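A short write-up of the structure that comes next.
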Amino acid sequence: MKKVAEFLESKMPPKDKPILHTAYDAFFTFAFAPKSTTKNGVHVRDGMDLKRLMIHVVLALQLLYLFGTYNIGHQHFVALGEYTGFFEGLNLKLAYGLIKMIPLFIVANAVGLGIEFWYAAKRGHAIEEGYLVTGALIPLIMPPDLPMWILAMSIFFAVIIGKEAFGGTGMNVFNIALLARVFVFFAYPTTISGDQVWVAGFDEIAAGAAPTYGMIEGFFNDWIFQPLGWPLFNTASTIVDGYTGATPLALAYEGGWSAVTDVYSSQQMLWGSIPGSVGESNKIFIILGLGFLIVTGIASWRIIFSVICGAAVMGLVLNAWDATPFMGVPWYNHFLMGSLLFAAVYMATDPVTATQTNKGKYIYGFLIGAVGLIVRVLNPAYPEGWMLAILFMNAFAPLIDHYVVEGNMKRRMKRLKVRSKTLPTLTETEVQSPAEAATA
Amino acid sequence: MGEFINIFIKSAFIENLVLAYFLGMCSYLAVSKSVNTAFGLGLAVIFVLGITMPVNWLISTWLLDPSTNIFNSYFGLDLDLTVLRLILFIAVIASMVQIVEMAIEKFNPSLYNALGIFLPLITVNCAILGGSLFMVAREYTFANSVAFGLGGGFGWFLAIIAIAAIREKIKYSAVPPALRGLGMAFILTGLMGIAFMSLLGIDPAALTAGG
């Protein structure tokens with residue numbers, strides 16, 4: 001193994017070919033531990049290096065990927081009224097989920113990493129691994145049917161304006177993955193909001209609409225499923241009567257909690273076999289990921305704890321107000337719907353854009369929880385609030401830090417002044433006390 | 001009271017003068033290099049907006065508007081003085097700014113020096129004149145105009161201290177040389193505008209009416 005590494009290192013392109021060199025260097029350091037360590041920038045906050053930190057987050061996302069991919073297929077066939085049991089038609093659901101997820105993942109990473117490589121070569125520094133997490137998060141928060149060019153544009157916007165303009169990894173003020181999503185949200189709203197978008201594979205969600213199968217589904221049918229005798233993609237099937245594809249949030253907005261439970265059971269929402277963003281649906285796996293991130297010390301438990309507190313307190317306030325059906329949804333049920341937990345665990349805890357001080361983290365998290373629930377419940381324009389609440393608080397995170405640090409300085413200055421005034425008496429007692437202790 | 005709070009919240013967050021209407025950009029961009037200076041200017045803007053808005057309301061209603069002004073209602077004249085609106089509004093704003101300037105010079109000379117020319121330039125800060133004109137266009141009552149002045153000022157204050165804190169932070173970032181300074185401030189303002197869009201669409205009046 002060592003020889004392989006030495007051989008590959010000897011083949012590294014020279015530094016005067018910047019793009020080749022940085023690209024080769026990046027993949028080399030993905031595979032082998034580099035000899036040098038970075039000595040400045042965000043990397044040195046503690047002993048952990050950036051690559052290990054990023055990979056831990058990506059690992060924590062794997063269960064969500066697995067479930068989300070399968071769930072894309074599951075929701076598709078639920079809409080068709082076929083294989084409605086969760087474990088029926090396994091091959092079809094998995095194949096369908098992969099058909100949707102793989103292009104999203106490839107485009108998200110190819111575009112983002114492409115920009116990173118080009119930029120690193122241009123500015124003459126090594127590739128930073130910050131994009132790995134962003135590239136892993138973006139497919140989890142986009143609708144599965146999003147056109148690829150829109151995805152690519154959103155990543156262009158987020159990575160260039162939101163990150164490289166600020167100087168690259170560790171310097172950005174706003175969360176990159178959320179900037180990409182917010183770009184789609186405001187520039188192409190019909191592709192990302194409403195009941196129509198979260199169930200993949202239909203031009204419109206209406207009774208009798210046929211799924212849009214292409215060549216790839218045909219390939220799976222003819223070459224894999226047919227010879228093995230497994231269930232096939234059926235081009236003749238259509239959406240069943242009465243199916244709307246509405247998410248729990250849309251239902252709750254119309255008719256409160258009872259409208260939600262008419263369609264989805266609490267267990268279903270907990271396990272996530274509901275329409276919604278790929279990553280947000282399975283609450284159990286999010287909590288497992290949360291445990292992993294907290295045990296490894298990647299995510300700040302302070303932020304997660306205070307986001308949940310903020311959402312709970314705001315939920316109680318809204319329950320007390322109770323003016324619309326959505327406000328009457330019991331506060332604890334807000335945790336089952338939508339992306340609250342996903343946002344709290346993976347988005348709010350982004351170590352770069354969150355506040356840096358411990359006291360600031362409590363304030364930051366609490367306000368995310370409160371603002372997010374306000375947007376979710378009170379804002380009829382948007383179906384879900386966490387993306388915008390986190391961006392909103394990202395804008396205020398440096399301010400919170402500024403005042404926490406300043407408050408700390410003021411307190412210590414005061415302490416210093418008090419001590420310097422009482423200094424003579426202090427030294428007296430200090431001189432006396434050991435003698436007294438000896439005699440006693 | 002409910003309406004007072006509605007208008008305050010609406011003008012501070014939802015229809016923020018800087019981040020939704022992009023008013024008052026010149027001093028917002030120029031003075032947002034340090035939080036402490038921005039804090040001082042923000043307070044000055046709250047004060048000026050909070051005073052000029054009701055004063056301008058009085059002037060607009062009692063002296064200018066043909067249907068309510070005292071000349072028409074008490075002396076039986078038929079005068080339409082709305083052509084004087086801009087010049088009177090500016091005069092009120094300029095005199096308020098003079099007072100603020102003298103007060104700051106007396107009580108906080110270091111802030112006075114840090115703000116420099118931008119303190120008298122609050123006079124031509126479009127957020128303040130724009131606020132007064134919004135007030136006329138939206139036909140606010142006197143209490144509403146007080147709420148709008150304070151809320152708009154508070155929103156401006158929040159926006160400028162937030163961007164000042166971010167700019168203090170990115171001072172240490174490896175920003176590409178071409179973007180340092182104002183370029184970055186413009187990008188930041190745009191991104192903050194996106195973040196503030198989270199609240200766009202909330203209608204506090206509709207909520208209280210429903211409850």
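Labeling convention for the structure tokens: chains A, B, ... as they appear, residues from 1 per chain, ligands from 1 in order of appearance.
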Open item on the list: With 10 Å as the limit and counting only C-alpha atoms, what residues in chain B lie close to chain A? Please list them as a PyMOL selection string.
Closed with: chain B and resi 35+158-159+161-180+183-184+187-189+191-204+207-211
Task: B:Ala38 surroundings by only C-alpha atoms, 9 Å radius, close-in-sequence under 2 positions cut, as a list in words - done: Tyr28, Val31, Ser32, Lys33, Ser34, Val35, Asn36, Gly40, Leu41, Gly42, Leu43, Leu115, Phe157, Ile160, Ile161 and Ala164 of chain B
Task: A:Gly218, A:Pro330, A:Gly81, A:Gly365 ranked by distance to A:Ala343, top pick (using only C-alpha atoms) - done: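 Of A:Gly218, A:Pro330, A:Gly81, A:Gly365, the one nearest A:Ala343 is A:Gly365, counting only C-alpha atoms.
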Residues within 8 Å of A:Gly135, only C-alpha atoms, excluding chain neighbours under 5 positions, as a compact mmCIF listing (two decimals) with all heavy atoms, in the first residue's frame:
# COMPACT_ATOMS: atom_id res chain seq x y z
N PHE A 105 -27.65 13.54 -7.34
CA PHE A 105 -26.39 13.50 -6.60
C PHE A 105 -25.21 13.85 -7.50
O PHE A 105 -24.34 14.63 -7.14
CB PHE A 105 -26.21 12.12 -5.98
CG PHE A 105 -25.09 12.05 -5.02
CD1 PHE A 105 -25.26 12.50 -3.72
CD2 PHE A 105 -23.84 11.57 -5.39
CE1 PHE A 105 -24.22 12.47 -2.82
CE2 PHE A 105 -22.80 11.53 -4.49
CZ PHE A 105 -22.98 11.99 -3.20
N ALA A 108 -25.33 17.59 -8.48
CA ALA A 108 -25.01 18.45 -7.35
C ALA A 108 -23.52 18.44 -7.07
O ALA A 108 -22.91 19.50 -6.84
CB ALA A 108 -25.79 17.99 -6.11
N ASN A 109 -22.93 17.25 -7.11
CA ASN A 109 -21.51 17.18 -6.77
C ASN A 109 -20.61 17.60 -7.91
O ASN A 109 -19.59 18.24 -7.68
CB ASN A 109 -21.15 15.78 -6.29
CG ASN A 109 -21.60 15.58 -4.88
OD1 ASN A 109 -20.98 16.06 -3.96
ND2 ASN A 109 -22.73 14.93 -4.71
N GLY A 112 -20.83 21.52 -8.14
CA GLY A 112 -20.22 22.16 -6.97
C GLY A 112 -18.72 21.92 -6.90
O GLY A 112 -17.93 22.86 -6.75
N ALA A 177 -26.03 25.04 1.32
CA ALA A 177 -27.10 24.15 0.85
C ALA A 177 -28.43 24.89 0.88
O ALA A 177 -29.24 24.77 -0.05
CB ALA A 177 -27.16 22.90 1.71
Open item on the list: Excluding B:Ser95 and its own-chain neighbours fewer than 5 positions away, which residues fall within 9 Å of it when counting only C-alpha atoms? Please give them as an MDAnalysis selection string.
Closed with: chainID B and resid 90 100 123
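Comparing the minimum interatomic distances between A:Lys359 and each of A:Met327, A:Val404, A:Ala236, A:Val260, counting only C-alpha atoms, we find that A:Val404 sits nearest.
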Open item on the list: as a PyMOL selection string, please: every residue in stretch 234-431 of chain A that a backbone DSSP assignment puts in alpha helix (DSSP H).
Closed with: chain A and resi 248-263+266-271+283-295+301-321+340-342+358-378+386-421+423-431
TODO: Excluding A:Trp301 and any residue of its chain fewer than 4 positions from it, enumerate the residues within 9 Å of it, using only C-alpha atoms, and give them as a PyMOL selection string.
DONE: chain A and resi 290+293-294+297+305-306+345+349
Open item on the list: Env of A:Tyr83: 10 Å cut, atoms = only C-alpha atoms, seq-sep filter 5 positions within chain, self excluded. Answer as a list in words.
Closed with: His74, His76, Phe77, Val78, Glu88, Gly89, Leu90, Leu92, Lys93 and Pro231 of chain A
Name all residues at most 7 Å from stretch 9-14 of chain B (count only C-alpha atoms; drop same-chain ones fewer than 5 positions away) and give them as a PDB file with N, CA and C atoms, in the first residue's frame.
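File produced: result-v3.pdb:
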ATOM      1  N   PHE B 148     -45.192  53.507  12.497  1.00  0.00           N
ATOM      2  CA  PHE B 148     -44.415  53.291  11.277  1.00  0.00           C
ATOM      3  C   PHE B 148     -43.035  53.912  11.396  1.00  0.00           C
ATOM      4  N   GLY B 151     -41.054  51.722  13.933  1.00  0.00           N
ATOM      5  CA  GLY B 151     -40.807  50.403  13.370  1.00  0.00           C
ATOM      6  C   GLY B 151     -39.818  50.456  12.217  1.00  0.00           C
ATOM      7  N   GLY B 152     -40.036  51.435  11.323  1.00  0.00           N
ATOM      8  CA  GLY B 152     -39.122  51.564  10.188  1.00  0.00           C
ATOM      9  C   GLY B 152     -37.713  51.859  10.667  1.00  0.00           C
ATOM     10  N   PHE B 154     -36.449  51.069  13.568  1.00  0.00           N
ATOM     11  CA  PHE B 154     -35.911  49.877  14.221  1.00  0.00           C
ATOM     12  C   PHE B 154     -35.435  48.859  13.188  1.00  0.00           C
ATOM     13  N   GLY B 155     -36.210  48.707  12.109  1.00  0.00           N
ATOM     14  CA  GLY B 155     -35.802  47.782  11.044  1.00  0.00           C
ATOM     15  C   GLY B 155     -34.491  48.219  10.413  1.00  0.00           C
ATOM     16  N   LEU B 199     -40.067  36.479   6.061  1.00  0.00           N
ATOM     17  CA  LEU B 199     -41.236  37.009   6.742  1.00  0.00           C
ATOM     18  C   LEU B 199     -42.204  37.671   5.784  1.00  0.00           C
ATOM     19  N   LEU B 200     -41.771  37.853   4.530  1.00  0.00           N
ATOM     20  CA  LEU B 200     -42.633  38.481   3.535  1.00  0.00           C
ATOM     21  C   LEU B 200     -43.865  37.609   3.336  1.00  0.00           C
TER      22      LEU B 200
END
Task: Selected residue, from A:Tyr243, A:Tyr346, A:Tyr332, A:Tyr362, that lies nearest to A:Leu80 when counting only C-alpha atoms - done: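 When distances to A:Leu80 are compared using only C-alpha atoms, the smallest one comes from A:Tyr243.
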